[in-house]
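Student: The structure under discussion is supplied below as structure tokens; questions concerning it will follow.
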Amino acid sequence: MESPAAQNPNWLELPRELTASILHRLGAIELLDTAQKVCSTWRNICKDPAMWRTVDMRNSGDTDPYDLEKMTMHSVDLSRGQLEGINIENFASDQLLLYIADRSSQLKRLRLVHCKEEISPEAFSEALKKLPLLEELHLYFTAFDKGDIEVAGRFCTLLKSFKLNRQAYKHPGKCDDEALAIAESMPELRHLQLFGSMMTDNGLCAILDKCPHLESLDLRQCFNVCLAGDVWTRRFAQIKDLKLPLDSTDGYGFDTELLDSEKFDSDFDEGSWSELSDVGMLYDEADYDDLTDDYLDYDDYTDPNHPDYW
């Protein structure tokens with residue numbers, strides 16, 4: 001029979017490498033607000049810049065009354081210039097984006113979710129000028145448009161993965177501006193996701209013509225893309241991972257309800273989409289699954305202006 005000590009190991013006596021591996025699985029909020037306060041050993045591990053190469057600031061709505069902007073800035077400070085990937089959801093500001101860019105010249109992955117009006121085009125442009133190594137730019141439910149896409153392509157020439165995802169309409173208007181901007185400014189793309197785009201076949205043709213290295217393409221809920229005729233089978237030959245407009249939205253990770261109140265009545269030939277389904281495998285959503293100075297006085301990240309603070 002095992003001794004009580006064997007059944008209940010002392011977590012504070014684990015090897016440093018194993019402890020770091022376990023703590024690395026926590027999110028930034030847990031590391032800052034809880035883990036680093038457990039003991040001096042854990043605090044020292046949490047100060048290691050290697051723990052902050054990727055920062056995941058997911059805000060599911062239950063993080064009040066934390067000051068998430070303050071916590072994000074502290075995470076950037078702890079990375080000491082080694083930050084390579086950051087995810088920000090449901091909060092942002094010009095100040096925060098520029099703070100990250102000024103201190104993270106090694107950044108390769110930037111993901112912004114539900115930051116519709118918080119970031120201005122001017123701040124976005126200024127930040128991207130300082131991120132020349134950026135390889136992945138993933139934007140969900142934001143207000144970024146053609147001009148912002150052109151800025152990203154101009155300043156981030158190493159960009160390999162781009163996502164511009166929106167809430168789709170059942171009866172969308174037609175607009176190829178964003179697709180044409182992608183085609184003209186991002187020729188080195190390997191992965192492209194345009195969930196809910198209003199582009200037409202013309203915009204898609206431009207992308208396929210100007211982005212010859214594409215390996216994966218997600219067109220789900222792009223209801224203006226008709227894909228009529230056998231020519232599309234040949235045009236998609238280079239695409240290894242393909243999602244078509246009516247493909248399942250399983251695994252997307254966000255609300256996929258269409259915005260119109262009426263039921264979508266397709267004017268397109270759904271059969272033409274299904275005939276293309278064997279062109280490539282479905283492109284799996286790749287998010288931050290591997291997220292991983294002296295101790296500063298950031299003991300309290302709560303927002304004193306929040307009604308639950310007092």
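By order of appearance in the structure tokens: chains A, B, ..., then residues from 1 within every chain, and ligands from 1 in the order shown.
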List every residue of segment 37-166 of chain A that DSSP, applied to the backbone, labels as strand (DSSP E or B), and write the result as a PyMOL selection string.
Tutor: chain A and resi 54-57+66+85-89+109-113+136-140+161-165
Student: In Å, rounded to a single decimal, give me how far atom CA of Leu259 of chain A is from atom CA of Phe162 of chain A.
Tutor: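 Computed distance, atom CA of Phe162 of chain A to atom CA of Leu259 of chain A, equals 23.7 Å.
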Student: Give me, as a PyMOL selection string, all polymer residues having an atom no more than 8 Å from Glu136 of chain A, counting only C-alpha atoms and skipping those fewer than 3 positions away in the same chain.
Tutor: chain A and resi 108-111+159-162
Student: Tell me, as a PyMOL selection string, which residues lie within 10 Å of Met186 of chain A, counting only C-alpha atoms; anything in the same chain fewer than 4 positions away does not count.
Tutor: chain A and resi 149-150+152-154+156-162+180-182+190+207+210-211
Student: Okay, now the selection with C-alpha atoms, as an mmCIF file, in the first residue's frame?
Tutor:
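Writing done, so here's part_38.cif:
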```cif
data_model
loop_
_atom_site.group_PDB
_atom_site.id
_atom_site.type_symbol
_atom_site.label_atom_id
_atom_site.label_comp_id
_atom_site.auth_asym_id
_atom_site.auth_seq_id
_atom_site.Cartn_x
_atom_site.Cartn_y
_atom_site.Cartn_z
ATOM 1 C CA ILE A 149 -5.713 44.874 -45.248
ATOM 2 C CA GLU A 150 -3.471 46.878 -47.565
ATOM 3 C CA ALA A 152 -1.044 44.670 -43.223
ATOM 4 C CA GLY A 153 0.217 43.469 -46.584
ATOM 5 C CA ARG A 154 2.565 46.423 -46.990
ATOM 6 C CA CYS A 156 4.013 42.513 -42.815
ATOM 7 C CA THR A 157 5.620 40.960 -45.858
ATOM 8 C CA LEU A 158 6.170 37.611 -44.112
ATOM 9 C CA LEU A 159 2.437 37.102 -43.578
ATOM 10 C CA LYS A 160 1.504 33.459 -44.192
ATOM 11 C CA SER A 161 -1.882 33.132 -42.485
ATOM 12 C CA PHE A 162 -4.708 35.681 -42.624
ATOM 13 C CA LEU A 180 -9.062 42.397 -54.064
ATOM 14 C CA ALA A 181 -6.955 44.000 -51.325
ATOM 15 C CA ILE A 182 -5.879 40.549 -50.144
ATOM 16 C CA ARG A 190 -0.510 29.896 -47.312
ATOM 17 C CA ILE A 207 -7.198 35.729 -54.750
ATOM 18 C CA LYS A 210 -2.485 36.452 -57.012
ATOM 19 C CA CYS A 211 -1.922 34.060 -54.091
#
```
Student: Ranking A:Lys243, A:Ile119, A:Val38, A:Leu214 by minimum distance to Pro187 of chain A and counting only C-alpha atoms, which one comes first?
Tutor: A:Leu214
Student: When you draw a straight line from atom CA of Arg220 of chain A to atom CA of Asp148 of chain A, how long is it in Å?
Tutor: 22.2 Å
Student: Report as a ChimeraX atom specification all protein, DNA and RNA residues lying within 12 Å of Phe141 of chain A, evaluated on only C-alpha atoms, omitting residues in the same chain fewer than 6 positions from it.
Tutor: /A:89-90,111-118,163-168,194-197,254-256
Student: Go through A:Arg43, A:Arg58, A:Lys146, A:Arg53 and flag the residue nearest Gly27 of chain A, using only C-alpha atoms for the distances.
Tutor: A:Arg58
Student: Looking at A:Ala183, A:Met57, A:Val151, A:Met199, which one is nearest to His74 of chain A, with distances taken over only C-alpha atoms?
Tutor: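 Closest to His74 of chain A of all the choices is A:Met57.
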Student: Skipping near chain neighbours, those fewer than 2 positions away, what residues fall within 7 Å of segment 120-127 of chain A using only C-alpha atoms, listed as a PDB file with C-alpha atoms, in the first residue's frame?
Tutor:
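Generated file (result-v3.pdb):
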```pdb
ATOM      1  CA  ASP A  94      -5.133  51.952 -29.380  1.00  0.00           C
ATOM      2  CA  LEU A  97      -2.012  47.653 -29.292  1.00  0.00           C
ATOM      3  CA  LEU A  98       0.783  50.227 -29.519  1.00  0.00           C
ATOM      4  CA  ALA A 101       4.004  46.657 -30.759  1.00  0.00           C
ATOM      5  CA  GLU A 118     -11.698  49.965 -29.999  1.00  0.00           C
ATOM      6  CA  LYS A 129       4.890  49.068 -38.942  1.00  0.00           C
ATOM      7  CA  LYS A 130       6.659  47.793 -35.832  1.00  0.00           C
ATOM      8  CA  LEU A 131       5.834  44.105 -36.407  1.00  0.00           C
ATOM      9  CA  ASP A 148      -6.327  47.958 -43.120  1.00  0.00           C
ATOM     10  CA  VAL A 151      -1.550  48.205 -44.556  1.00  0.00           C
TER      11      VAL A 151
END
```
Student: Taking only C-alpha atoms into account, which of A:Leu219, A:Leu204, A:Leu192, A:Leu23 comes nearest Ala35 of chain A?
Tutor: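 The closest residue to Ala35 of chain A is A:Leu23.
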Student: Under the rule that only C-alpha atoms are counted, which of A:Thr200, A:Tyr140, A:Lys70, A:His191 is the nearest residue to Pro172 of chain A?
Tutor: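 Among the listed residues, A:Thr200 lies closest to Pro172 of chain A.
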Student: Between A:Thr54, A:Ser93, A:Ser216, A:Thr142, single out the one closest to Gln106 of chain A, counting only C-alpha atoms.
Tutor: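 Smallest separation from Gln106 of chain A among the options: A:Thr54.
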Student: To one decimal in Å, tell me the separation between atom CA of Ser185 of chain A and atom CA of Lys170 of chain A.
Tutor: 29.0 Å
Student: Tell me which protein, DNA and RNA residues are within 7 Å of Gln238 of chain A, counting only C-alpha atoms, leaving out same-chain ones fewer than 2 positions away, and put them as a list in words.
Tutor: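 Here the answer would be Glu215, Phe236 and Lys240 of chain A.
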